[in-house]
Amino acid sequence: MELIQDGANVNAKNDTGTTPLMIAAGNNPNPEVLKGLIEAGADVNAKDKDGWTPLMIATQDSSNPEVLKVLMAAGADLNAKNTGGGTPLIVAAYNNTNPEILRVLLRAGVNVDERQKDGWTPLMAAARYNSNPEVLKILLEAGADLNAKDEDGGTPLMAAARYNSNPEVLKILLEAGADLNAKDEDGWTPLMLAIRYNTTQEVLKILLEAGADVNAKEEDGVTPLMLATSKNTPETLTALLEAGADLNAKNKDEGTPLMAAAQHSSNPEVLKVLIAAGADLNAKNKDGGTALMFAAIHNSNPEVLKVLIAAGADLNAKDEDEWTPLMFAAYYNSNPEVLKVLLEAGTDVNAKNKVGATPLMAAAWHNTNPEVLKVFIEAGADINVKNKVGATPLMAAAGSNPNPEVLKVFIEAGADVNAKNKDGSTPLMAAAGSNPNPEVLKALLEAGADAKAKNNEGQTALDYARMNEKLKDTEALRLLEDKAGQN
């Protein structure tokens with residue numbers, strides 16, 4: 001106060017637009033300090049760079065209702081909005097656990113359902129962030145809309161189910177009549193949001209005991225049980241199944257909970273719960289995919305595949321393109337142990353899909369881990385097998401696999417570096433035309449690939465290389481030119 005007496009500017013702002021009154025509103029529980037600043041001319045409705053007023057700051061940080069009363073008596077705007085559209089009441093609902101702060105604002109006549117820019121109401125804010133159930137009770141007693149929806153269709157109960165770890169908050173909303181099975185714009189219910197995001201098991205229990213629809217589907221047909229498979233907690237699945245969840249429900253792609261578990265869960269116990277309950281091991285989605293295929297593609301834990309295989313999953317099932325689980329693992333999975341599980345279980349290492357490609361070809365196309373290729377070769381995969389267009393695994397790798405170490409595995413195993421497909425193209429031509437890594441071309445040349453060979457159209461690898469921007473000004477291109485006799 002001595003500074004004020006000495007002529008200090010009570011409305012001075014720092015680089016964030018904060019004034020002395022704002023600082024006092026947030027940090028000083030003594031209302032007399034605020035009175036002194038106001039009497040000295042402090043602007044009670046000044047805004048910082050984010051649009052916050054002294055009253056908003058007080059509603060967020062102060063536990064003393066008298067601080068708010070001083071600001072309000074001085075003409076503080078009860079309905080001011082910050083840049084996010086938040087009002088003093090919304091700010092209090094978000095952050096202040098003292099219910100008296102909200103009572104002061106509500107008694108002054110603020111709109112209990114005033115919305116911020118994203119459509120959130122004070123009740124939504126409290127449901128999401130506030131750990132004190134009394135705050136919600138006050139808002140409800142003041143007539144807050146229990147089932148109001150934000151711009152995404154979310155309700156207060158959804159906010160609590162997704163974010164709030166205090167089960168009492170959900171109980172209050174449910175006892176007040178919140179719509180237990182309301183859906184947002186994506187078709188998600190409070191139960192789905194709790195399963196996907198909330199780590200408090202008691203929240204799930206409360207929703208189930210209240211009668212939440214365990215077979216509701218969101219816009220893609222995903223059910224709560226499907227969502228639960230990604231949590232790695234068998235207890236959640238057991239609770240849903242006991243509540244009547246459909247074990248073999250299908251989403252829009254005709255995927256089942258077991259497929260979801262095979263894809264998302266690294267915990268084999270999750271799959272065991274579903275299998276023990278009678279999940280269809282060999283159900284197929286609309287593309288012909290099975291749970292074992294999903295595990296082969298997405299799951300790096302070989303124990304998950306072991307559980308499926310031990311329960312009777314079809315090792316050699318084929319999807320609509322005649323891909324097997326082993327082909328999918330070869331193409332997508334970088335863990336050699338996953339492939340070993342499938343091979344040791346007796347899957348066909350040389351099975352062919354619709355285009356005549358084998359698992360080894362699938363690995364050659366896309367898998368950058370050379371250890372995966374070694375597993376196949378050790379298992380007796382045919383390294384010079386040809387698909388329907390006459391391409392070999394080495395050609396597949398040469399055309400699209402950016403890791404030269406993968407090609408070296410083939411070369412060391414005796415793959416024919418000068419094999420030709422039906423068009424007369426060689427692995428070197430494939431590398432020259434489309435591989436993004438010049439080192440692949442170089443590896444083939446160093447292994448004795450014929451730089452002068454021509455395809456059925458009379459084109460050489462050099463013709464392709466000169467059209468590949470990735471090879472421009474590279475040592476590999478110069479080596480090819482030298483081998484082709486162009487230097």
# chains A, B, ... in the order shown; residues from 1 in each chain; ligands from 1
call {"tool": "residues_around", "arguments": {"residues": "Glu175 in chain A", "least_positions_apart": "5", "cutoff": "12 Å", "atoms": "only C-alpha atoms", "output": "PyMOL selection string"}}
result
chain A and resi 136-137+140+146+157+168-170+180+206-207+210
call {"tool": "residues_around", "arguments": {"residues": "Pro29 in chain A", "least_positions_apart": "3", "cutoff": "12 Å", "atoms": "only C-alpha atoms", "output": "list in words"}}
result
Ile23, Ala24, Ala25, Gly26, Glu32, Val33, Leu34, Lys35, Ala58, Thr59, Asp61, Ser62, Ser63, Asn64, Pro65, Glu66, Val67, Leu68 and Val70 of chain A
call {"tool": "residues_around", "arguments": {"residues": "Asn98 in chain A", "least_positions_apart": "3", "cutoff": "8 Å", "atoms": "only C-alpha atoms", "output": "PyMOL selection string"}}
result
chain A and resi 63+101-102+135
call {"tool": "select_by_dssp", "arguments": {"residues": "range 50-253 of chain A", "states": "helix (DSSP H, G or I)", "output": "number ranges by chain"}}
result
A: 54-61, 65-73, 88-95, 99-107, 122-129, 133-141, 156-163, 167-175, 190-197, 201-209, 224-231, 234-242
call {"tool": "residues_around", "arguments": {"residues": "Val10 in chain A", "least_positions_apart": "3", "cutoff": "7 Å", "atoms": "only C-alpha atoms", "output": "PyMOL selection string"}}
result
chain A and resi 20+37+41-42
call {"tool": "atom_distance", "arguments": {"atom1": "CA of His264 in chain A", "atom2": "CA of Asn232 in chain A"}}
result
8.5 Å
call {"tool": "residues_around", "arguments": {"residues": "range 393-407 of chain A", "least_positions_apart": "3", "cutoff": "8 Å", "atoms": "only C-alpha atoms", "output": "MDAnalysis selection string"}}
result
chainID A and resid 360:361 364:370 373 383:386 410:411 415:417 426:428 430:437 439:441 443:444
call {"tool": "closest_residue", "arguments": {"among": "A:Arg107, A:Ala351, A:Glu457, A:Ala296", "to": "Tyr331 in chain A", "atoms": "only C-alpha atoms"}}
result
A:Ala296
call {"tool": "atom_distance", "arguments": {"atom1": "CA of Ala451 in chain A", "atom2": "CA of Ala363 in chain A"}}
result
25.7 Å
call {"tool": "residues_around", "arguments": {"residues": "Ala317 in chain A", "least_positions_apart": "6", "cutoff": "10 Å", "atoms": "only C-alpha atoms", "output": "list in words"}}
result
Asn282, Lys284, Gly288, Gly289, Thr290, Leu292, Met293, Trp323, Thr324, Pro325, Leu326 and Thr347 of chain A
call {"tool": "write_last_selection", "arguments": {"atoms": "N, CA and C atoms", "output": "PDB file, in the first residue's frame"}}
result
ATOM      1  N   ASN A 282     -12.473 -68.970 -34.679  1.00  0.00           N
ATOM      2  CA  ASN A 282     -12.240 -68.905 -36.119  1.00  0.00           C
ATOM      3  C   ASN A 282     -13.280 -68.081 -36.867  1.00  0.00           C
ATOM      4  N   LYS A 284     -14.757 -64.993 -38.834  1.00  0.00           N
ATOM      5  CA  LYS A 284     -14.087 -64.165 -39.839  1.00  0.00           C
ATOM      6  C   LYS A 284     -14.792 -62.822 -39.989  1.00  0.00           C
ATOM      7  N   GLY A 288     -12.468 -61.682 -44.321  1.00  0.00           N
ATOM      8  CA  GLY A 288     -11.996 -63.043 -44.086  1.00  0.00           C
ATOM      9  C   GLY A 288     -10.926 -63.150 -43.025  1.00  0.00           C
ATOM     10  N   GLY A 289     -10.690 -62.065 -42.309  1.00  0.00           N
ATOM     11  CA  GLY A 289      -9.662 -62.071 -41.268  1.00  0.00           C
ATOM     12  C   GLY A 289     -10.112 -62.778 -40.009  1.00  0.00           C
ATOM     13  N   THR A 290      -9.182 -63.481 -39.362  1.00  0.00           N
ATOM     14  CA  THR A 290      -9.466 -64.180 -38.106  1.00  0.00           C
ATOM     15  C   THR A 290      -8.692 -63.543 -36.955  1.00  0.00           C
ATOM     16  N   LEU A 292      -6.451 -64.936 -35.144  1.00  0.00           N
ATOM     17  CA  LEU A 292      -5.032 -65.285 -35.263  1.00  0.00           C
ATOM     18  C   LEU A 292      -4.336 -64.385 -36.278  1.00  0.00           C
ATOM     19  N   MET A 293      -5.033 -64.015 -37.316  1.00  0.00           N
ATOM     20  CA  MET A 293      -4.450 -63.089 -38.293  1.00  0.00           C
ATOM     21  C   MET A 293      -4.204 -61.726 -37.657  1.00  0.00           C
ATOM     22  N   TRP A 323      -4.577 -64.867 -47.939  1.00  0.00           N
ATOM     23  CA  TRP A 323      -3.438 -64.655 -47.037  1.00  0.00           C
ATOM     24  C   TRP A 323      -3.655 -65.487 -45.777  1.00  0.00           C
ATOM     25  N   THR A 324      -2.587 -66.104 -45.287  1.00  0.00           N
ATOM     26  CA  THR A 324      -2.635 -66.891 -44.052  1.00  0.00           C
ATOM     27  C   THR A 324      -2.089 -66.064 -42.891  1.00  0.00           C
ATOM     28  N   PRO A 325      -2.293 -66.525 -41.644  1.00  0.00           N
ATOM     29  CA  PRO A 325      -1.686 -65.819 -40.507  1.00  0.00           C
ATOM     30  C   PRO A 325      -0.174 -65.642 -40.673  1.00  0.00           C
ATOM     31  N   LEU A 326       0.502 -66.659 -41.203  1.00  0.00           N
ATOM     32  CA  LEU A 326       1.952 -66.565 -41.371  1.00  0.00           C
ATOM     33  C   LEU A 326       2.329 -65.491 -42.386  1.00  0.00           C
ATOM     34  N   THR A 347       2.324 -74.459 -39.315  1.00  0.00           N
ATOM     35  CA  THR A 347       1.726 -73.742 -40.440  1.00  0.00           C
ATOM     36  C   THR A 347       2.529 -73.983 -41.716  1.00  0.00           C
TER      37      THR A 347
END
call {"tool": "atom_distance", "arguments": {"atom1": "CA of Gly36 in chain A", "atom2": "CA of Leu21 in chain A"}}
result
9.7 Å
call {"tool": "residues_around", "arguments": {"residues": "Ala93 in chain A", "least_positions_apart": "6", "cutoff": "6 Å", "atoms": "only C-alpha atoms", "output": "VMD selection string"}}
result
chain A and resid 122 125 to 126
call {"tool": "closest_residue", "arguments": {"among": "A:Pro156, A:Pro234, A:Gly17, A:Gly424", "to": "Gln459 in chain A", "atoms": "only C-alpha atoms"}}
result
A:Gly424
